[in-house]
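The structure file work04.tsv is reproduced below (TSV, C-alpha atoms and all ligand atoms).
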chain	number	residue	atom	x	y	z
A	1	SER	CA	89.05	107.33	120.72
A	2	THR	CA	89.98	104.39	118.55
A	3	GLY	CA	92.80	103.35	116.20
A	4	SER	CA	93.23	100.87	113.38
A	5	ALA	CA	96.45	99.94	111.60
A	6	ALA	CA	97.68	97.28	109.20
A	7	ALA	CA	99.66	94.22	110.32
A	8	VAL	CA	101.85	93.39	107.33
A	9	PRO	CA	103.83	90.13	107.04
A	10	ILE	CA	107.53	91.00	106.70
A	11	ASN	CA	108.15	88.11	104.32
A	12	ALA	CA	106.01	87.40	101.26
A	13	GLU	CA	106.63	83.65	101.62
A	14	PHE	CA	106.16	82.92	105.33
A	15	ASP	CA	104.43	84.71	108.19
A	16	ILE	CA	107.51	84.96	110.39
A	17	ALA	CA	106.46	88.34	111.79
A	18	TYR	CA	104.12	91.26	111.13
A	19	VAL	CA	104.96	94.98	111.19
A	20	THR	CA	102.72	98.01	111.62
A	21	PRO	CA	103.49	101.64	110.65
A	22	VAL	CA	103.93	103.88	113.72
A	23	THR	CA	104.65	107.62	113.64
A	24	LEU	CA	106.89	109.10	116.31
A	25	GLY	CA	107.57	112.75	117.19
A	26	THR	CA	107.15	116.12	115.51
A	27	PRO	CA	107.42	116.28	112.55
A	28	PRO	CA	106.30	112.62	112.29
A	29	GLN	CA	108.93	109.95	111.77
A	30	THR	CA	107.35	106.68	110.55
A	31	LEU	CA	108.84	103.30	111.49
A	32	GLN	CA	107.61	99.75	110.87
A	33	LEU	CA	107.29	98.11	114.29
A	34	ASP	CA	106.52	94.56	115.38
A	35	PHE	CA	103.49	94.62	117.73
A	36	ASP	CA	104.33	92.04	120.38
A	37	SER	CA	101.82	90.89	123.00
A	38	GLY	CA	104.64	88.75	124.44
A	39	SER	CA	106.69	91.70	125.73
A	40	SER	CA	106.13	95.22	127.06
A	41	ASP	CA	108.83	97.55	125.77
A	42	LEU	CA	108.35	100.00	122.90
A	43	TRP	CA	111.85	100.25	121.48
A	44	VAL	CA	113.18	101.50	118.16
A	45	PHE	CA	116.27	101.58	116.00
A	46	SER	CA	117.60	105.07	116.70
A	47	SER	CA	120.17	107.72	115.86
A	48	HIS	CA	122.05	106.50	118.95
A	49	LEU	CA	123.00	103.22	117.25
A	50	PRO	CA	126.42	102.71	115.66
A	51	THR	CA	125.83	102.73	111.89
A	52	SER	CA	127.46	99.26	111.76
A	53	GLN	CA	124.39	97.87	113.54
A	54	ILE	CA	121.88	99.44	111.11
A	55	ARG	CA	121.24	97.56	107.85
A	56	GLY	CA	118.23	99.01	106.06
A	57	GLN	CA	116.06	99.75	109.09
A	58	GLU	CA	114.34	103.14	109.55
A	59	ILE	CA	115.55	105.01	112.65
A	60	TYR	CA	113.97	107.43	115.11
A	61	ALA	CA	116.09	110.51	115.79
A	62	PRO	CA	114.80	112.20	118.97
A	63	ASN	CA	116.96	115.27	118.33
A	64	LYS	CA	114.89	115.86	115.17
A	65	SER	CA	111.62	115.89	117.13
A	66	SER	CA	110.49	119.13	118.82
A	67	THR	CA	108.29	117.11	121.22
A	68	ALA	CA	110.96	114.58	122.30
A	69	LYS	CA	112.17	114.73	125.91
A	70	LEU	CA	115.03	112.70	127.37
A	71	LEU	CA	113.89	110.55	130.33
A	72	ASP	CA	117.04	111.47	132.26
A	73	GLY	CA	118.93	108.67	134.00
A	74	HIS	CA	116.73	105.89	132.58
A	75	SER	CA	117.92	102.90	130.55
A	76	TRP	CA	116.60	99.58	129.31
A	77	SER	CA	117.95	96.21	128.29
A	78	ILE	CA	115.91	93.32	126.92
A	79	THR	CA	116.59	89.73	125.86
A	80	TYR	CA	113.91	87.73	124.02
A	81	GLY	CA	113.15	84.05	123.94
A	82	ASP	CA	115.01	83.62	120.67
A	83	GLY	CA	118.16	85.03	122.25
A	84	SER	CA	117.99	88.35	120.43
A	85	GLY	CA	118.22	91.55	122.44
A	86	SER	CA	118.79	95.28	122.57
A	87	ARG	CA	119.46	98.06	125.07
A	88	GLY	CA	119.64	101.85	125.25
A	89	ASN	CA	118.26	105.08	126.70
A	90	VAL	CA	114.73	106.46	126.89
A	91	TYR	CA	112.82	109.49	125.55
A	92	THR	CA	109.16	110.41	125.74
A	93	ASP	CA	107.40	111.67	122.63
A	94	ASN	CA	104.11	111.54	120.73
A	95	VAL	CA	103.34	108.10	119.26
A	96	THR	CA	100.51	107.56	116.77
A	97	VAL	CA	99.12	104.20	115.62
A	98	GLY	CA	96.36	104.20	113.04
A	99	GLY	CA	95.01	107.61	114.06
A	100	LEU	CA	95.31	106.96	117.81
A	101	MET	CA	97.84	109.28	119.48
A	102	VAL	CA	99.51	108.91	122.86
A	103	GLU	CA	101.50	111.91	124.13
A	104	ARG	CA	104.56	111.36	126.32
A	105	GLN	CA	104.90	107.65	125.40
A	106	ALA	CA	108.20	106.18	126.56
A	107	ILE	CA	110.22	105.46	123.42
A	108	GLU	CA	113.20	103.26	124.21
A	109	CYS	CA	116.01	104.24	121.82
A	110	ALA	CA	118.43	101.46	120.94
A	111	GLN	CA	122.13	102.13	121.51
A	112	GLN	CA	122.92	98.47	120.83
A	113	VAL	CA	121.03	95.67	119.07
A	114	SER	CA	121.97	92.01	118.60
A	115	SER	CA	123.04	90.74	115.18
A	116	SER	CA	119.67	89.09	114.46
A	117	PHE	CA	117.98	92.51	114.71
A	118	THR	CA	120.62	94.09	112.47
A	119	SER	CA	120.03	91.36	109.89
A	120	GLU	CA	116.23	91.77	109.95
A	121	ALA	CA	115.84	94.88	107.77
A	122	HIS	CA	112.03	94.87	107.94
A	123	ILE	CA	111.75	95.30	111.72
A	124	ASP	CA	112.57	98.83	112.99
A	125	GLY	CA	111.68	97.94	116.58
A	126	LEU	CA	108.87	96.59	118.72
A	127	VAL	CA	105.67	97.84	120.36
A	128	GLY	CA	105.15	95.74	123.46
A	129	LEU	CA	101.48	94.95	124.12
A	130	GLY	CA	102.03	92.70	127.13
A	131	PHE	CA	101.22	93.95	130.63
A	132	SER	CA	103.40	96.86	131.78
A	133	THR	CA	104.79	94.77	134.65
A	134	LEU	CA	107.14	93.23	132.06
A	135	ASN	CA	108.64	96.59	131.01
A	136	THR	CA	112.44	96.64	131.41
A	137	VAL	CA	113.07	100.41	131.84
A	138	SER	CA	115.05	101.22	134.98
A	139	PRO	CA	114.94	102.82	137.54
A	140	LYS	CA	111.24	103.59	136.82
A	141	SER	CA	109.45	101.08	134.56
A	142	GLN	CA	107.26	102.62	131.85
A	143	LEU	CA	103.74	101.97	130.56
A	144	THR	CA	102.97	100.33	127.23
A	145	PHE	CA	101.29	102.22	124.40
A	146	PHE	CA	98.07	100.30	125.14
A	147	ASP	CA	98.15	101.13	128.87
A	148	ASN	CA	98.80	104.81	128.10
A	149	ALA	CA	95.99	104.87	125.52
A	150	LYS	CA	93.51	102.77	127.50
A	151	GLY	CA	91.80	105.58	129.46
A	152	ALA	CA	90.96	107.45	126.26
A	153	LEU	CA	89.79	104.39	124.31
A	154	ASP	CA	86.06	103.85	123.69
A	155	SER	CA	86.65	100.37	125.15
A	156	PRO	CA	89.84	99.12	126.91
A	157	VAL	CA	90.63	96.54	124.23
A	158	PHE	CA	92.86	95.88	121.27
A	159	THR	CA	92.17	93.19	118.67
A	160	ALA	CA	94.43	91.15	116.39
A	161	ASP	CA	93.25	90.01	112.98
A	162	LEU	CA	96.43	88.43	111.58
A	163	LYS	CA	96.36	86.71	108.19
A	164	HIS	CA	98.37	84.19	106.17
A	165	LYS	CA	100.62	85.94	103.64
A	166	GLN	CA	98.45	89.06	103.58
A	167	ALA	CA	97.96	92.19	105.64
A	168	GLY	CA	95.62	92.01	108.64
A	169	THR	CA	94.86	94.66	111.25
A	170	TYR	CA	95.39	95.69	114.85
A	171	ASP	CA	92.40	97.70	116.15
A	172	PHE	CA	92.43	99.71	119.38
A	173	GLY	CA	89.38	100.69	121.42
A	174	PHE	CA	86.69	98.84	119.48
A	175	ILE	CA	85.61	95.40	118.29
A	176	ASP	CA	84.90	95.36	114.54
A	177	LYS	CA	81.97	93.01	113.91
A	178	ALA	CA	82.91	92.81	110.23
A	179	LYS	CA	86.14	91.01	111.16
A	180	TYR	CA	84.65	87.84	112.68
A	181	THR	CA	81.76	85.39	112.41
A	182	GLY	CA	79.64	83.81	115.13
A	183	GLU	CA	80.27	84.56	118.80
A	184	ILE	CA	83.46	85.63	120.60
A	185	THR	CA	84.40	83.13	123.33
A	186	TYR	CA	85.99	84.97	126.26
A	187	VAL	CA	88.17	83.15	128.82
A	188	PRO	CA	90.04	84.47	131.89
A	189	VAL	CA	93.58	85.85	131.60
A	190	ASN	CA	96.25	85.36	134.24
A	191	ASN	CA	98.46	88.46	133.82
A	192	ASP	CA	101.06	87.33	136.34
A	193	PRO	CA	103.91	87.85	135.51
A	194	GLY	CA	102.64	89.93	132.59
A	195	TYR	CA	101.77	87.81	129.56
A	196	TRP	CA	98.30	87.28	128.09
A	197	THR	CA	98.13	83.80	129.66
A	198	PHE	CA	94.92	81.81	129.12
A	199	SER	CA	93.84	78.18	129.20
A	200	SER	CA	92.99	76.34	125.99
A	201	SER	CA	90.37	73.63	126.51
A	202	GLY	CA	92.28	71.01	124.51
A	203	TYR	CA	93.27	69.87	121.04
A	204	ALA	CA	92.69	67.39	118.25
A	205	VAL	CA	95.02	66.10	115.52
A	206	GLY	CA	93.38	65.93	112.10
A	207	SER	CA	90.00	64.18	112.33
A	208	GLY	CA	90.99	62.46	115.59
A	209	ASN	CA	88.99	62.87	118.76
A	210	PHE	CA	89.32	66.04	120.81
A	211	SER	CA	91.55	65.64	123.88
A	212	ALA	CA	89.83	67.82	126.50
A	213	SER	CA	92.90	68.56	128.63
A	214	PRO	CA	93.49	72.24	129.56
A	215	ILE	CA	96.67	73.78	128.16
A	216	SER	CA	97.85	77.02	129.77
A	217	GLY	CA	99.76	79.25	127.37
A	218	ILE	CA	100.37	82.80	126.24
A	219	ALA	CA	98.77	84.53	123.25
A	220	ASP	CA	101.86	86.00	121.62
A	221	THR	CA	101.68	88.08	118.42
A	222	GLY	CA	105.49	88.30	118.48
A	223	THR	CA	106.11	84.56	118.20
A	224	SER	CA	105.77	83.02	114.75
A	225	LEU	CA	104.82	79.44	115.60
A	226	ILE	CA	103.02	77.36	118.24
A	227	TYR	CA	104.97	75.80	121.12
A	228	LEU	CA	103.04	73.15	123.09
A	229	PRO	CA	103.72	70.27	125.55
A	230	THR	CA	105.56	67.21	124.27
A	231	ALA	CA	102.46	64.99	124.59
A	232	VAL	CA	100.60	67.20	122.10
A	233	VAL	CA	103.52	67.51	119.72
A	234	THR	CA	104.30	63.77	119.61
A	235	ALA	CA	100.60	63.01	119.08
A	236	TYR	CA	100.68	65.33	116.06
A	237	TYR	CA	103.94	64.19	114.45
A	238	ARG	CA	103.02	60.51	114.97
A	239	GLN	CA	100.67	61.18	112.06
A	240	VAL	CA	103.40	62.60	109.80
A	241	GLN	CA	105.47	60.16	107.73
A	242	GLY	CA	109.21	60.76	108.18
A	243	ALA	CA	108.85	63.40	110.91
A	244	THR	CA	111.77	63.67	113.32
A	245	ASN	CA	112.70	66.01	116.14
A	246	SER	CA	115.94	67.32	114.65
A	247	ARG	CA	118.65	68.59	116.94
A	248	SER	CA	120.47	70.22	114.05
A	249	TYR	CA	117.40	72.12	112.82
A	250	GLY	CA	116.22	72.78	116.38
A	251	GLY	CA	112.78	71.24	116.10
A	252	TYR	CA	110.40	68.87	114.30
A	253	VAL	CA	111.06	68.55	110.59
A	254	PHE	CA	109.57	66.30	107.93
A	255	PRO	CA	109.75	65.70	104.17
A	256	CYS	CA	108.04	68.66	102.45
A	257	SER	CA	106.11	66.02	100.46
A	258	ALA	CA	104.55	64.57	103.63
A	259	THR	CA	100.78	64.72	104.13
A	260	LEU	CA	100.07	66.81	107.22
A	261	PRO	CA	96.99	66.61	109.41
A	262	SER	CA	95.22	69.79	110.48
A	263	PHE	CA	95.53	70.89	114.14
A	264	THR	CA	92.49	71.94	116.16
A	265	PHE	CA	92.65	73.80	119.50
A	266	GLY	CA	89.84	74.66	121.85
A	267	VAL	CA	88.94	77.89	123.64
A	268	GLY	CA	86.06	77.01	125.95
A	269	GLU	CA	83.47	75.30	123.75
A	270	ALA	CA	84.85	76.96	120.59
A	271	ARG	CA	87.16	75.07	118.22
A	272	PHE	CA	89.79	76.57	115.88
A	273	THR	CA	91.35	74.46	113.14
A	274	ILE	CA	94.71	75.26	111.57
A	275	PRO	CA	94.71	73.84	108.04
A	276	PRO	CA	97.48	71.43	106.95
A	277	ALA	CA	99.01	74.04	104.62
A	278	TYR	CA	99.71	76.32	107.60
A	279	MET	CA	101.26	73.48	109.63
A	280	SER	CA	104.33	73.31	107.40
A	281	TYR	CA	106.19	76.50	108.20
A	282	ALA	CA	108.89	76.54	105.50
A	283	ALA	CA	111.74	74.54	103.97
A	284	VAL	CA	114.62	74.47	106.47
A	285	THR	CA	116.78	76.20	103.84
A	286	PRO	CA	115.57	77.63	100.52
A	287	GLY	CA	114.96	74.79	98.06
A	288	SER	CA	115.42	72.00	100.63
A	289	SER	CA	112.97	69.09	100.59
A	290	THR	CA	112.97	69.11	104.41
A	291	CYS	CA	110.31	71.31	106.00
A	292	PHE	CA	110.12	72.84	109.48
A	293	GLY	CA	106.90	72.29	111.41
A	294	GLY	CA	104.62	75.10	112.58
A	295	LEU	CA	103.93	73.13	115.77
A	296	GLN	CA	106.99	72.73	118.02
A	297	SER	CA	107.68	71.51	121.54
A	298	SER	CA	107.59	74.01	124.39
A	299	ASN	CA	110.04	71.83	126.37
A	300	GLY	CA	112.99	74.14	125.83
A	301	VAL	CA	110.86	77.30	126.05
A	302	GLY	CA	109.41	76.96	129.55
A	303	ILE	CA	105.93	78.21	128.64
A	304	ASN	CA	103.39	77.20	126.01
A	305	ILE	CA	103.01	79.81	123.27
A	306	TRP	CA	100.07	80.35	120.93
A	307	GLY	CA	101.91	82.42	118.34
A	308	ASP	CA	100.97	83.86	114.97
A	309	LEU	CA	100.21	80.41	113.53
A	310	ALA	CA	97.29	80.06	115.98
A	311	LEU	CA	96.29	83.73	115.98
A	312	LYS	CA	95.90	83.91	112.21
A	313	VAL	CA	93.01	81.43	112.16
A	314	ALA	CA	91.00	83.62	114.56
A	315	PHE	CA	89.92	87.13	115.48
A	316	VAL	CA	91.37	87.76	118.95
A	317	VAL	CA	90.23	90.37	121.50
A	318	PHE	CA	92.81	91.36	124.11
A	319	ASN	CA	90.52	92.85	126.78
A	320	GLY	CA	92.49	95.06	129.14
A	321	GLY	CA	89.50	95.67	131.40
A	322	THR	CA	89.22	94.54	135.03
A	323	PRO	CA	89.68	91.60	135.14
A	324	PRO	CA	91.50	91.15	131.85
A	325	THR	CA	90.11	88.47	129.52
A	326	ILE	CA	90.90	87.21	126.02
A	327	GLY	CA	88.28	86.52	123.37
A	328	TRP	CA	88.58	84.23	120.35
A	329	ALA	CA	86.21	84.18	117.37
A	330	ALA	CA	86.17	82.47	113.99
A	331	LYS	CA	86.58	84.60	110.87
A	401	LIG	C1	111.88	90.27	127.85
A	401	LIG	C2	110.62	89.73	128.50
A	401	LIG	C3	109.98	90.75	129.38
A	401	LIG	C4	109.63	89.31	127.40
A	401	LIG	C5	110.19	88.22	126.50
A	401	LIG	N1	109.23	87.90	125.46
A	401	LIG	C6	109.56	87.06	124.44
A	401	LIG	O1	110.69	86.63	124.29
A	401	LIG	C7	108.46	86.69	123.47
A	401	LIG	C8	108.31	87.76	122.41
A	401	LIG	O2	107.03	87.63	121.79
A	401	LIG	C9	109.42	87.68	121.34
A	401	LIG	C10	109.31	88.84	120.35
A	401	LIG	C11	110.22	88.70	119.13
A	401	LIG	C12	111.69	88.91	119.50
A	401	LIG	C13	112.60	88.85	118.28
A	401	LIG	C14	112.17	89.84	117.22
A	401	LIG	C15	110.71	89.69	116.83
A	401	LIG	C16	109.81	89.72	118.06
A	401	LIG	N2	109.28	86.41	120.61
A	401	LIG	C17	110.32	85.55	120.59
A	401	LIG	O3	111.39	85.73	121.14
A	401	LIG	C18	110.11	84.26	119.78
A	401	LIG	C19	110.94	84.39	118.51
A	401	LIG	C20	110.06	84.48	117.29
A	401	LIG	O4	109.23	83.37	117.17
A	401	LIG	C21	110.94	84.64	116.04
A	401	LIG	C22	110.77	86.06	115.59
A	401	LIG	C23	111.52	86.44	114.40
A	401	LIG	C24	111.01	87.43	113.60
A	401	LIG	C25	111.68	87.86	112.47
A	401	LIG	C26	112.88	87.25	112.11
A	401	LIG	C27	113.42	86.24	112.91
A	401	LIG	C28	112.74	85.83	114.05
A	401	LIG	N3	110.56	83.70	114.97
A	401	LIG	C29	111.25	82.58	114.72
A	401	LIG	O5	112.24	82.26	115.31
A	401	LIG	O6	110.65	81.88	113.69
A	401	LIG	C30	111.19	80.65	113.20
A	401	LIG	C31	111.28	79.62	114.32
A	401	LIG	C32	110.22	80.21	112.13
A	401	LIG	C33	112.57	80.93	112.60
A	401	LIG	C34	110.45	86.98	127.36
A	401	LIG	O7	109.51	86.25	127.63
A	401	LIG	O8	111.64	86.80	127.70

For this file, write the structure as structure tokens.
Ligand SMILES: CC(C)C[C@H](NC(=O)C[C@H](O)[C@H](CC1CCCCC1)NC(=O)CC[C@H](O)[C@H](Cc1ccccc1)NC(=O)OC(C)(C)C)C(=O)O
Amino acid sequence: STGSAAAVPINAEFDIAYVTPVTLGTPPQTLQLDFDSGSSDLWVFSSHLPTSQIRGQEIYAPNKSSTAKLLDGHSWSITYGDGSGSRGNVYTDNVTVGGLMVERQAIECAQQVSSSFTSEAHIDGLVGLGFSTLNTVSPKSQLTFFDNAKGALDSPVFTADLKHKQAGTYDFGFIDKAKYTGEITYVPVNNDPGYWTFSSSGYAVGSGNFSASPISGIADTGTSLIYLPTAVVTAYYRQVQGATNSRSYGGYVFPCSATLPSFTFGVGEARFTIPPAYMSYAAVTPGSSTCFGGLQSSNGVGINIWGDLALKVAFVVFNGGTPPTIGWAAK
């Protein structure tokens, strides 16, 4: 079996996150969920939430699904890198993504969400696509949608074709040759503790020479920007007039009028270049002449993260075979 579904940017201006329609239960309830290779819980806004915590999101009501079953005595609680979080109880039900159905998928129903989730009306929950070792359900951790689907897939892979300010796709079980050019460069994945961790072969700033120093980081569809070591980030912003690492804005900012270099990263022998236009994420507040950089330091994060900003210049294969690998191709 295979599946294919759209990855739609939640904001017409900036690619802060992408959501994908997912149907849950019988009759089908459709929610817009953020597919996140940086975590491994499938959780949704639900009928168990106080209405004060719901502001425009779609909810999943298990009691309206004839195929929903309570996973008795199980709960979950998750906190993300940006400090947001949620917790609740667990049901199993049918989950369908782009024609691919998994029966008895653990659906973690929110009973509480943090204010940043309440204020993000376009995200009705997450589909974790990290390794199931990261799942937070207790006392028995649960499998991700991908792990549950894997055995039935034509090939144990999913691919991400994210785009700038337009809808891309997540495919499951097959590699669509029409979505990339040239060859796919595969590199090993270290799935301990459970991220899609791989080693980039280095970077270059603008037309500067390529610095062939390996950078270990995670491929994370649920993180908007790129977070890399200080040496890389200072080398980049040295080339940007008026750039500063702003405590108040929480990262590197620069005058929106500044000329930005491109940023190139390596995967094996392959090279991927992020154009200058993508390297300015957005004005720090609407209308401000100060812009927030797409490349930020991983100092405060603890791991290097290749987020949507890197993923959207490539076609990426998340190969869940044995051993797992990750493949990057131009498009
Ligand atoms: C709990 C663990 C098992 C897994 C856990 N994993 C992560 O924290 C990484 C994971 O990819 C999480 C997944 C995201 C959590 C928040 C909602 C959206 C998904 N990524 C994160 O926690 C990283 C946060 C994202 O980068 C936010 C996302 C966002 C989206 C919409 C609106 C506002 C903010 N972007 C964001 O802040 O963009 C700016 C900087 C331009 C404003 C961890 O490592 O702790």

Item checked: Radius query 8 Å about (110.2, 103.8, 117.8), atoms used: all atoms listed in the file, as number ranges by chain -> A: 22-24, 31, 33, 42-46, 59-60, 107-109, 124-127

Margin query: Env of A:Ile303: 10 Å cut, atoms = all atoms listed in the file, seq-sep filter 5 positions within chain, self excluded. Answer as number ranges by chain.
Written below: A: 197, 216-218, 227-229, 297-298

Item checked: Surroundings of ligand LIG 401 (chain A) up to 7 Å, based on all atoms listed in the file, as a ChimeraX atom specification -> /A:16-17,34,36-40,78-84,117,120,126,134-136,220-225,281

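Of the listed residues A:Ser257, A:Thr264, A:Thr30, A:Gln57, the one whose atoms come nearest to A:Ser280 is A:Ser257, with distances taken using all atoms listed in the file.
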
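The coordinates place atom CA of A:Val102 at 25.2 Å from atom CA of A:Lys179.
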
Checklist line | stretch 169-177 of chain A environment, 9 Å, all atoms listed in the file, sequence neighbours closer than 3 positions dropped, as number ranges by chain | finding: A: 1-8, 20, 35, 97-98, 100, 146, 149-150, 152-163, 180-181, 317

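Checking A:Trp196, A:Tyr252, A:Tyr278, A:Phe145 one by one against A:Val95, counting all atoms listed in the file, you find the shortest gap at A:Phe145.
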
Margin query: Calculated over all atoms listed in the file, which of the candidates A:Asp93, A:Asp308, A:Glu58, A:Glu269 has the smallest distance to A:Ile123?
Written below: A:Glu58

Margin query: Need to verify the contact set: stretch 201-210 of chain A, 12 Å, all atoms listed in the file, exclusion of same-chain residues closer than 6 positions in sequence. Can you return it as an MDAnalysis selection string?
Written below: chainID A and resid 185 187 216:217 228:229 231:240 259:276 279 295

Note to self: So the first atom is atom CA of A:Pro188 and the second is atom CA of A:Ala329; what is the distance between them in Å, to one decimal place?
What the structure shows: 15.0 Å

Can you list, as a short mmCIF file (atom, residue, chain, number, x, y, z; two decimals) with C-alpha atoms, in the coordinates of the input, every protein, DNA or RNA residue that comes within 9 Å of A:Asp147 when you count only C-alpha atoms, leaving out same-chain residues fewer than 4 positions away?
data_model
loop_
_atom_site.label_atom_id
_atom_site.label_comp_id
_atom_site.auth_asym_id
_atom_site.auth_seq_id
_atom_site.Cartn_x
_atom_site.Cartn_y
_atom_site.Cartn_z
CA LEU A 129 101.48 94.95 124.12
CA PHE A 131 101.22 93.95 130.63
CA SER A 132 103.40 96.86 131.78
CA LEU A 143 103.74 101.97 130.56
CA GLY A 151 91.80 105.58 129.46
CA PRO A 156 89.84 99.12 126.91
CA GLY A 320 92.49 95.06 129.14
#

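With atom CA of A:Gln112 on one side and atom CA of A:Gln32 on the other, the separation reads 18.3 Å.
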
Next item on the list: Measuring atom to atom with all atoms listed in the file, identify which of A:Asp41, A:Asn89, A:Thr96, A:Gly251 is nearest to A:Thr26.
Entry: A:Thr96

Next item on the list: Go through A:Thr118, A:Thr144, A:Asn11, A:Thr92 one by one, measure the shortest atom-to-atom distance of each to A:Leu49 using all atoms listed in the file, and give the residue with the smallest value.
Entry: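 Ranking A:Thr118, A:Thr144, A:Asn11, A:Thr92 by distance to A:Leu49, first place goes to A:Thr118.
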
Note to self: Give me, as a ChimeraX atom specification, all polymer residues having an atom no more than 9 Å from A:Ala283, counting only C-alpha atoms and skipping those fewer than 5 positions away in the same chain.
What the structure shows: /A:253,256,288-292
